[in-house]
file input.cif (mmCIF, C-alpha atoms and all ligand atoms)
data_model
loop_
_atom_site.label_atom_id
_atom_site.label_comp_id
_atom_site.auth_asym_id
_atom_site.auth_seq_id
_atom_site.Cartn_x
_atom_site.Cartn_y
_atom_site.Cartn_z
CA MET S 1 11.47 26.34 17.52
CA ASN S 2 13.95 24.94 20.02
CA ASN S 3 11.25 25.19 22.72
CA ASP S 4 9.21 22.58 20.86
CA ILE S 5 11.93 19.95 21.22
CA GLU S 6 11.53 17.38 24.00
CA GLN S 7 15.04 16.01 23.73
CA VAL S 8 18.04 16.41 21.46
CA LEU S 9 19.06 12.92 20.35
CA TYR S 10 22.08 13.76 18.18
CA SER S 11 23.84 17.12 18.14
CA GLN S 12 25.15 18.77 15.01
CA GLU S 13 28.67 17.66 15.96
CA GLU S 14 27.59 14.05 16.46
CA VAL S 15 25.72 14.01 13.16
CA ASN S 16 28.67 15.48 11.28
CA GLN S 17 31.05 12.97 12.78
CA ARG S 18 28.77 10.09 11.85
CA ILE S 19 28.48 11.45 8.29
CA ASP S 20 32.30 11.41 8.04
CA GLU S 21 32.23 7.71 8.95
CA LEU S 22 29.42 6.90 6.50
CA ALA S 23 31.27 8.77 3.73
CA ALA S 24 34.42 6.74 4.35
CA THR S 25 32.44 3.48 4.17
CA LEU S 26 30.67 4.56 0.97
CA THR S 27 33.93 5.71 -0.61
CA ALA S 28 35.52 2.30 -0.03
CA LYS S 29 32.47 0.66 -1.58
CA TYR S 30 31.69 2.95 -4.54
CA GLN S 31 35.11 4.15 -5.69
CA GLY S 32 35.17 3.49 -9.45
CA GLU S 33 31.52 2.36 -9.56
CA PHE S 34 30.02 5.60 -10.96
CA PRO S 35 26.67 5.41 -9.09
CA VAL S 36 23.54 7.52 -9.49
CA VAL S 37 22.97 9.02 -6.04
CA VAL S 38 19.27 9.60 -5.31
CA PRO S 39 18.20 11.67 -2.30
CA VAL S 40 14.50 11.38 -1.45
CA MET S 41 13.14 14.90 -1.13
CA THR S 42 12.59 16.84 0.98
CA GLY S 43 13.60 15.11 4.18
CA ALA S 44 16.94 13.78 2.94
CA MET S 45 18.11 17.11 1.51
CA MET S 46 20.28 18.28 4.39
CA PHE S 47 21.80 14.86 5.06
CA ALA S 48 22.43 14.24 1.36
CA THR S 49 24.15 17.59 0.91
CA GLU S 50 26.52 16.98 3.80
CA LEU S 51 27.17 13.39 2.74
CA MET S 52 27.72 13.92 -0.98
CA LYS S 53 30.34 16.63 -0.58
CA ARG S 54 32.39 14.08 1.34
CA LEU S 55 32.28 11.52 -1.53
CA PRO S 56 35.44 12.02 -3.63
CA PHE S 57 34.57 9.78 -6.56
CA LYS S 58 32.67 10.04 -9.84
CA LEU S 59 28.90 10.04 -9.37
CA ASN S 60 25.72 11.59 -10.73
CA ILE S 61 23.30 13.43 -8.46
CA ASP S 62 19.60 13.01 -9.14
CA TYR S 63 16.56 13.04 -6.84
CA VAL S 64 13.03 11.77 -6.41
CA ASP S 65 10.07 13.09 -4.47
CA VAL S 66 7.48 10.70 -3.10
CA SER S 67 4.40 10.96 -0.95
CA SER S 68 2.87 8.28 1.20
CA TYR S 69 -0.84 7.76 1.43
CA GLU S 70 -2.12 7.86 4.98
CA ASP S 71 -4.99 5.47 4.30
CA ASN S 72 -4.30 1.82 4.87
CA SER S 73 -5.29 0.45 1.49
CA GLN S 74 -2.64 -1.70 -0.22
CA SER S 75 0.89 -1.85 1.13
CA SER S 76 2.28 -1.60 -2.41
CA GLY S 77 -0.08 1.28 -3.18
CA ARG S 78 0.88 3.41 -0.24
CA VAL S 79 3.60 5.36 -2.00
CA ARG S 80 3.25 7.69 -4.97
CA LEU S 81 6.03 9.11 -7.12
CA LEU S 82 5.75 12.90 -7.32
CA ARG S 83 9.02 13.58 -9.14
CA ASP S 84 10.90 10.97 -11.17
CA LEU S 85 14.61 10.65 -11.92
CA SER S 86 16.13 12.47 -14.85
CA HIS S 87 18.85 9.77 -15.23
CA ASP S 88 18.49 6.35 -16.84
CA VAL S 89 19.57 3.85 -14.16
CA ASN S 90 19.70 0.83 -16.48
CA GLY S 91 23.02 -0.91 -15.74
CA ARG S 92 23.98 1.69 -13.12
CA PRO S 93 24.52 1.28 -9.38
CA VAL S 94 21.90 3.32 -7.49
CA LEU S 95 22.49 4.73 -4.02
CA ILE S 96 19.28 6.00 -2.38
CA ILE S 97 19.71 8.61 0.35
CA GLU S 98 16.92 8.73 2.94
CA ASP S 99 16.23 10.73 6.08
CA ILE S 100 14.58 7.90 8.00
CA VAL S 101 13.33 4.37 7.38
CA ASP S 102 10.10 3.98 9.31
CA THR S 103 7.46 1.51 8.03
CA GLY S 104 9.75 0.67 5.10
CA HIS S 105 7.09 1.27 2.42
CA THR S 106 8.96 4.11 0.74
CA LEU S 107 12.14 2.11 0.46
CA GLN S 108 10.35 -0.97 -0.81
CA PHE S 109 8.61 1.13 -3.47
CA LEU S 110 11.86 2.71 -4.66
CA ASN S 111 13.74 -0.60 -4.65
CA LYS S 112 11.07 -2.16 -6.89
CA LEU S 113 10.98 0.87 -9.17
CA PHE S 114 14.75 0.99 -9.78
CA ALA S 115 14.99 -2.80 -10.07
CA SER S 116 12.29 -2.74 -12.77
CA ARG S 117 14.46 -0.27 -14.69
CA GLY S 118 17.47 -2.57 -14.67
CA ALA S 119 19.66 -0.92 -12.02
CA LYS S 120 22.94 -2.82 -11.61
CA SER S 121 22.66 -2.60 -7.82
CA ILE S 122 20.46 -0.71 -5.35
CA GLU S 123 21.57 0.31 -1.87
CA THR S 124 20.28 2.80 0.67
CA CYS S 125 22.04 5.08 3.09
CA SER S 126 19.66 6.52 5.70
CA LEU S 127 20.50 9.05 8.38
CA LEU S 128 18.02 7.43 10.78
CA ASP S 129 16.35 4.09 11.32
CA LYS S 130 13.21 3.49 13.40
CA PRO S 131 13.04 -0.33 13.40
CA ALA S 132 10.15 -0.50 15.89
CA ARG S 133 7.73 0.71 13.21
CA ARG S 134 8.71 -1.55 10.33
CA GLU S 135 5.80 -3.07 8.37
CA VAL S 136 7.71 -4.58 5.45
CA GLU S 137 11.01 -6.43 5.43
CA VAL S 138 13.34 -3.82 4.06
CA ASN S 139 16.39 -2.19 5.62
CA ALA S 140 18.91 0.48 4.79
CA ASP S 141 22.39 -0.84 3.98
CA TYR S 142 24.07 2.05 5.79
CA VAL S 143 22.48 3.78 8.80
CA GLY S 144 23.60 6.84 10.73
CA PHE S 145 21.66 6.28 13.95
CA GLU S 146 18.84 4.19 15.32
CA VAL S 147 16.03 6.22 16.92
CA PRO S 148 13.25 5.28 19.36
CA ASN S 149 9.58 5.08 18.39
CA GLU S 150 8.96 8.83 18.76
CA PHE S 151 8.26 11.61 16.28
CA ILE S 152 11.65 12.92 15.14
CA VAL S 153 12.39 16.33 13.62
CA GLY S 154 15.45 18.32 12.56
CA TYR S 155 18.29 17.82 10.12
CA GLY S 156 15.80 17.77 7.25
CA LEU S 157 12.91 16.03 9.00
CA ASP S 158 9.73 18.07 9.38
CA TYR S 159 6.48 18.30 11.21
CA ASP S 160 3.91 20.09 9.05
CA GLY S 161 6.68 21.67 7.00
CA LEU S 162 8.55 23.02 10.04
CA TYR S 163 11.77 22.16 11.91
CA ARG S 164 13.70 20.91 8.85
CA ASN S 165 16.34 23.59 9.38
CA LEU S 166 17.20 22.55 12.94
CA PRO S 167 20.88 21.54 12.78
CA TYR S 168 20.36 18.56 15.14
CA VAL S 169 18.08 15.51 15.43
CA GLY S 170 15.49 15.67 18.21
CA ILE S 171 12.18 14.37 19.54
CA LEU S 172 9.24 16.73 18.98
CA LYS S 173 7.16 17.50 22.07
CA ARG S 174 3.84 15.66 21.94
CA SER S 175 2.03 18.87 22.94
CA VAL S 176 2.92 20.28 19.51
CA TYR S 177 0.88 17.69 17.59
CA GLU S 178 -1.58 16.36 20.20
CA ASN S 179 -4.56 18.76 20.75
P1 LIG A 1 8.37 4.97 5.59
O1 LIG A 1 7.27 4.79 6.61
O2 LIG A 1 7.86 4.77 4.21
O3 LIG A 1 9.55 4.10 5.91
O4 LIG A 1 8.87 6.45 5.71
C1 LIG A 1 8.22 7.45 4.99
C2 LIG A 1 8.67 8.82 5.35
O5 LIG A 1 7.94 9.23 6.49
C3 LIG A 1 10.12 9.06 5.74
O6 LIG A 1 11.00 9.16 4.65
C4 LIG A 1 9.98 10.37 6.45
O7 LIG A 1 9.97 11.44 5.52
C5 LIG A 1 8.63 10.23 7.14
N1 LIG A 1 8.84 9.85 8.55
C6 LIG A 1 8.83 8.64 9.12
N2 LIG A 1 9.08 8.71 10.45
C7 LIG A 1 9.25 10.03 10.72
C8 LIG A 1 9.56 10.77 11.92
O8 LIG A 1 9.73 10.27 13.04
N3 LIG A 1 9.66 12.13 11.77
C9 LIG A 1 9.48 12.76 10.55
N4 LIG A 1 9.61 14.08 10.55
N5 LIG A 1 9.21 12.09 9.42
C10 LIG A 1 9.09 10.74 9.51
MG MG A 2 11.62 10.71 3.50
MG MG A 3 7.52 14.65 6.18
#
call {"tool": "encode", "arguments": {"input": "input.cif", "output": "structure tokens", "more": "lines below"}}
Ligand code: 5GP
Ligand code: MG
Ligand code: MG
result
Amino acid sequence: MNNDIEQVLYSQEEVNQRIDELAATLTAKYQGEFPVVVPVMTGAMMFATELMKRLPFKLNIDYVDVSSYEDNSQSSGRVRLLRDLSHDVNGRPVLIIEDIVDTGHTLQFLNKLFASRGAKSIETCSLLDKPARREVEVNADYVGFEVPNEFIVGYGLDYDGLYRNLPYVGILKRSVYEN
């Protein structure tokens, strides 16, 4: 698996240190707010697990699963909900946890969905941000690292179901997916 990585962008140590910082920021913000924390499966699983155990305040853990259509039909129709929340977010602060914000369609879809259900506030914490690829004007409120316009794997992010368990963030070799 490691042979398929072109370059390690952020080591396990660097990621963990950044998660400590993000957790401190979120703790200052959400202490006493009782948010519903919503990781987006499956990519955000590893990041969310590390982050949430560093949040020492009252919260509920839920999750959603979404899939994005690869066709270029309607921007609002590009995302489909595969697994919905089990919590009612009406009147509750919602904190979405993402692996990466790329085109922004997923985040826009979730923001609209939770807003329509009366969430008190909606924020996003994303491990990675790839601003070069944005197609809609939406941003994460808290970002671990910015990444270049390359295909990223590791720390939860996959290619064809693989590489999620790599404990670092890296660029996948083009030879793996071109051919
Ligand atoms: P969006 O384009 O809607 O912002 O992001 C949709 C999803 O595509 C992300 O949550 C992530 O799962 C996946 N994605 C976007 N860029 C990358 C990338 O560089 N590597 C991997 N493995 N997944 C990505
Ligand atoms: Mg994702
Ligand atoms: Mg994926």
call {"tool": "residues_around", "arguments": {"input": "input.cif", "residues": "Ala140 (chain S)", "least_positions_apart": "5", "cutoff": "7 Å", "atoms": "only C-alpha atoms", "output": "mmCIF file with C-alpha atoms, keeping the file's coordinate frame"}}
result
data_model
loop_
_atom_site.group_PDB
_atom_site.id
_atom_site.type_symbol
_atom_site.label_atom_id
_atom_site.label_comp_id
_atom_site.auth_asym_id
_atom_site.auth_seq_id
_atom_site.Cartn_x
_atom_site.Cartn_y
_atom_site.Cartn_z
ATOM 1 C CA THR S 124 20.280 2.800 0.670
ATOM 2 C CA CYS S 125 22.040 5.080 3.090
ATOM 3 C CA SER S 126 19.660 6.520 5.700
#
call {"tool": "residues_around", "arguments": {"input": "input.cif", "residues": "Leu51 (chain S)", "least_positions_apart": "5", "cutoff": "9 Å", "atoms": "only C-alpha atoms", "output": "list of chain:residue names"}}
result
S:Asn16, S:Ile19, S:Asp20, S:Leu22, S:Ala23, S:Met46
call {"tool": "residues_around", "arguments": {"input": "input.cif", "residues": "Phe34 (chain S)", "least_positions_apart": "2", "cutoff": "7 Å", "atoms": "all atoms listed in the file", "output": "list in words"}}
result
Gly32, Val36, Lys58 and Leu59 of chain S
call {"tool": "write_last_selection", "arguments": {"input": "input.cif", "atoms": "C-alpha atoms", "output": "PDB file, in the coordinates of the input"}}
result
ATOM      1  CA  GLY S  32      35.170   3.490  -9.450  1.00  0.00           C
ATOM      2  CA  VAL S  36      23.540   7.520  -9.490  1.00  0.00           C
ATOM      3  CA  LYS S  58      32.670  10.040  -9.840  1.00  0.00           C
ATOM      4  CA  LEU S  59      28.900  10.040  -9.370  1.00  0.00           C
TER       5      LEU S  59
END
call {"tool": "axis_aligned_box", "arguments": {"input": "input.cif", "around": "region 132-149 of chain S", "padding_each_side": "3 Å", "output": "lines of an AutoDock Vina configuration file"}}
result
center_x = 14.9
center_y = 0.2
center_z = 11.7
size_x = 24.3
size_y = 19.3
size_z = 21.4
call {"tool": "residues_near_ligand", "arguments": {"input": "input.cif", "ligand": "ligand MG 2 (chain A)", "cutoff": "10 Å", "atoms": "all atoms listed in the file", "output": "VMD selection string"}}
result
chain S and resid 39 to 45 65 to 68 97 to 102 106 to 107 126 156 to 158
call {"tool": "atom_distance", "arguments": {"input": "input.cif", "atom1": "atom C1 of ligand LIG 1 (chain A)", "atom2": "CA of Glu178 (chain S)"}}
result
20.2 Å
call {"tool": "closest_residue", "arguments": {"input": "input.cif", "among": "S:Asp88, S:Leu9, S:Tyr142, S:Tyr69", "to": "ligand MG 3 (chain A)", "atoms": "only C-alpha atoms and all ligand atoms"}}
result
S:Tyr69
call {"tool": "residues_around", "arguments": {"input": "input.cif", "residues": "region 136-139 of chain S", "least_positions_apart": "3", "cutoff": "7 Å", "atoms": "only C-alpha atoms", "output": "PDB file with C-alpha atoms, in the frame of the given file"}}
result
ATOM      1  CA  THR S 103       7.460   1.510   8.030  1.00  0.00           C
ATOM      2  CA  GLY S 104       9.750   0.670   5.100  1.00  0.00           C
ATOM      3  CA  HIS S 105       7.090   1.270   2.420  1.00  0.00           C
ATOM      4  CA  GLN S 108      10.350  -0.970  -0.810  1.00  0.00           C
TER       5      GLN S 108
END
call {"tool": "closest_residue", "arguments": {"input": "input.cif", "among": "S:Asn3, S:Asn90, S:Thr25, S:Asn111", "to": "ligand LIG 1 (chain A)", "atoms": "all atoms listed in the file"}}
result
S:Asn111
call {"tool": "atom_distance", "arguments": {"input": "input.cif", "atom1": "CA of Tyr63 (chain S)", "atom2": "CA of Leu110 (chain S)"}}
result
11.6 Å
call {"tool": "closest_residue", "arguments": {"input": "input.cif", "among": "S:Val176, S:Ile171, S:Leu166, S:Val153", "to": "ligand MG 3 (chain A)", "atoms": "all atoms listed in the file"}}
result
S:Val153
call {"tool": "closest_residue", "arguments": {"input": "input.cif", "among": "S:Pro35, S:Pro167, S:Gly91, S:Pro148", "to": "ligand LIG 1 (chain A)", "atoms": "only C-alpha atoms and all ligand atoms"}}
result
S:Pro148
